[in-house]
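Here the structure comes first, spelled out in structure tokens, and everything after it is commentary.
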Amino acid sequence: MTSKERAALRAQANSLEPLFQVGKGGVNDALIAQTEDAFRTRELLKLKVLLETAPKPPKEIAEEIARATNSQVVQVVGGSMIFYRENPELHDPAPKKNTKSSKNTIKGTKNPNRRSVRVAKAKKAAAERKTAAIRKAQRNRRRNADV
């Protein structure tokens, strides 16, 4: 990691809140599991060390966590530690979900004053009125059959 990359990561981490704290328990399996879990959703993590109760200095704790999580230590200042691990899944563009069905969309221009758009909207409205009338007739037949 170059010094410019490290500086950019430090700048990004400035606004981050610490995810969790390292206390008197030090670096244990639970802490490593939490860190691994956090790296699944983000690349940059900020952790705090409780200086009064931690069994080791923050730099040693940071090195230990980085070794266990296969990440890089960006910075250790006081009780704050910043870690970085690249996650290729976060950089791949997710496939776009098609939320609209192709039947209901108007292709081409979206200008409501164009004749083609007005005709398409009129056809769609007519089809909706027709299906509504059919449903109403079916509902009335069912009601009359029940009486």
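In the structure tokens, chains take the letters A, B, ... in the order shown, each chain's residues start at 1, and ligands count up from 1 in the order shown.
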
Surrounding residues of Leu50 of chain A excluding itself and chain neighbours under 3 positions, 12 Å, only C-alpha atoms, as a PDB file with C-alpha atoms, in the first residue's frame:
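Produced file selection-v7.pdb, reproduced below:
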ATOM      1  CA  PRO A  18     -15.595   2.606  15.802  1.00  0.00           C
ATOM      2  CA  PHE A  20     -16.385  -2.273  18.551  1.00  0.00           C
ATOM      3  CA  GLN A  21     -13.810  -2.094  21.309  1.00  0.00           C
ATOM      4  CA  VAL A  22     -10.933  -4.244  22.420  1.00  0.00           C
ATOM      5  CA  GLY A  23     -10.949  -4.449  26.196  1.00  0.00           C
ATOM      6  CA  LYS A  24      -9.459  -6.557  28.949  1.00  0.00           C
ATOM      7  CA  GLY A  25     -10.165  -9.777  27.004  1.00  0.00           C
ATOM      8  CA  GLY A  26      -7.684  -8.697  24.346  1.00  0.00           C
ATOM      9  CA  LEU A  47     -11.772  -0.213  16.171  1.00  0.00           C
ATOM     10  CA  THR A  53      -7.784  -2.292  30.503  1.00  0.00           C
ATOM     11  CA  ALA A  54      -6.199  -3.735  27.335  1.00  0.00           C
ATOM     12  CA  PRO A  55      -3.482  -6.324  28.073  1.00  0.00           C
ATOM     13  CA  LYS A  56      -1.165  -5.100  25.250  1.00  0.00           C
ATOM     14  CA  PRO A  57      -0.355  -1.810  23.549  1.00  0.00           C
ATOM     15  CA  PRO A  58      -2.637  -0.827  20.622  1.00  0.00           C
ATOM     16  CA  ILE A  61      -3.179  -5.594  19.133  1.00  0.00           C
ATOM     17  CA  GLY A  78      -3.892   6.508  20.530  1.00  0.00           C
ATOM     18  CA  GLY A  79      -6.626   3.971  21.078  1.00  0.00           C
ATOM     19  CA  SER A  80      -7.982   4.047  17.491  1.00  0.00           C
ATOM     20  CA  MET A  81      -7.018   1.430  14.932  1.00  0.00           C
TER      21      MET A  81
END

Item to complete: List every residue of segment 23-63 of chain A that DSSP, applied to the backbone, labels as strand (DSSP E or B), and write the result as a ChimeraX atom specification.
Response: /A:44-49

Practice prompt. Name all residues at most 9 Å from Lys59 of chain A (count only C-alpha atoms; drop same-chain ones fewer than 5 positions away) and give them as a ChimeraX atom specification.
Written response: /A:64,76-77,81

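Atom CA of Lys123 of chain A to atom CA of Asn140 of chain A spans 25.8 Å [interatomic distance, one decimal].
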
Fill in: Nearest to Glu86 of chain A, chosen from A:Ser3, A:Ser71, A:Asn14, A:Ser116, with only C-alpha atoms counted in the distances
A:Ser71

Fill in: Secondary structure check, helix (DSSP H, G or I) residues of segment 4-146 of chain A, as a VMD selection string
chain A and resid 4 to 13 29 to 41 58 to 69 88 to 91 115 to 146

Discussion item. Which residues are close to Arg42 of chain A, i.e. within 8 Å by only C-alpha atoms, leaving aside same-chain residues fewer than 3 positions away? Reply as a PyMOL selection string.
Written reply: chain A and resi 38-39+45+87+90

If you keep C-alpha atoms, can you produce a file of those selected residues as a tab-separated table (two decimals), in the first residue's frame?
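Wrote selection39.tsv, looks like this:
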chain	number	residue	atom	x	y	z
A	38	ALA	CA	-17.62	-6.73	9.37
A	39	PHE	CA	-15.15	-7.15	6.48
A	45	LEU	CA	-12.88	-0.70	9.72
A	87	ASN	CA	-13.33	-7.00	-0.96
A	90	LEU	CA	-18.12	-4.83	-3.18

Fill in: Nearest to Gln75 of chain A, chosen from A:Val117, A:Thr131, A:Asp146, A:Ala62, with only C-alpha atoms counted in the distances
A:Ala62

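Residue nearest Ala13 of chain A, chosen from A:Val27, A:Val74, A:Ala66, A:Ala33 and counting only C-alpha atoms: A:Val74.
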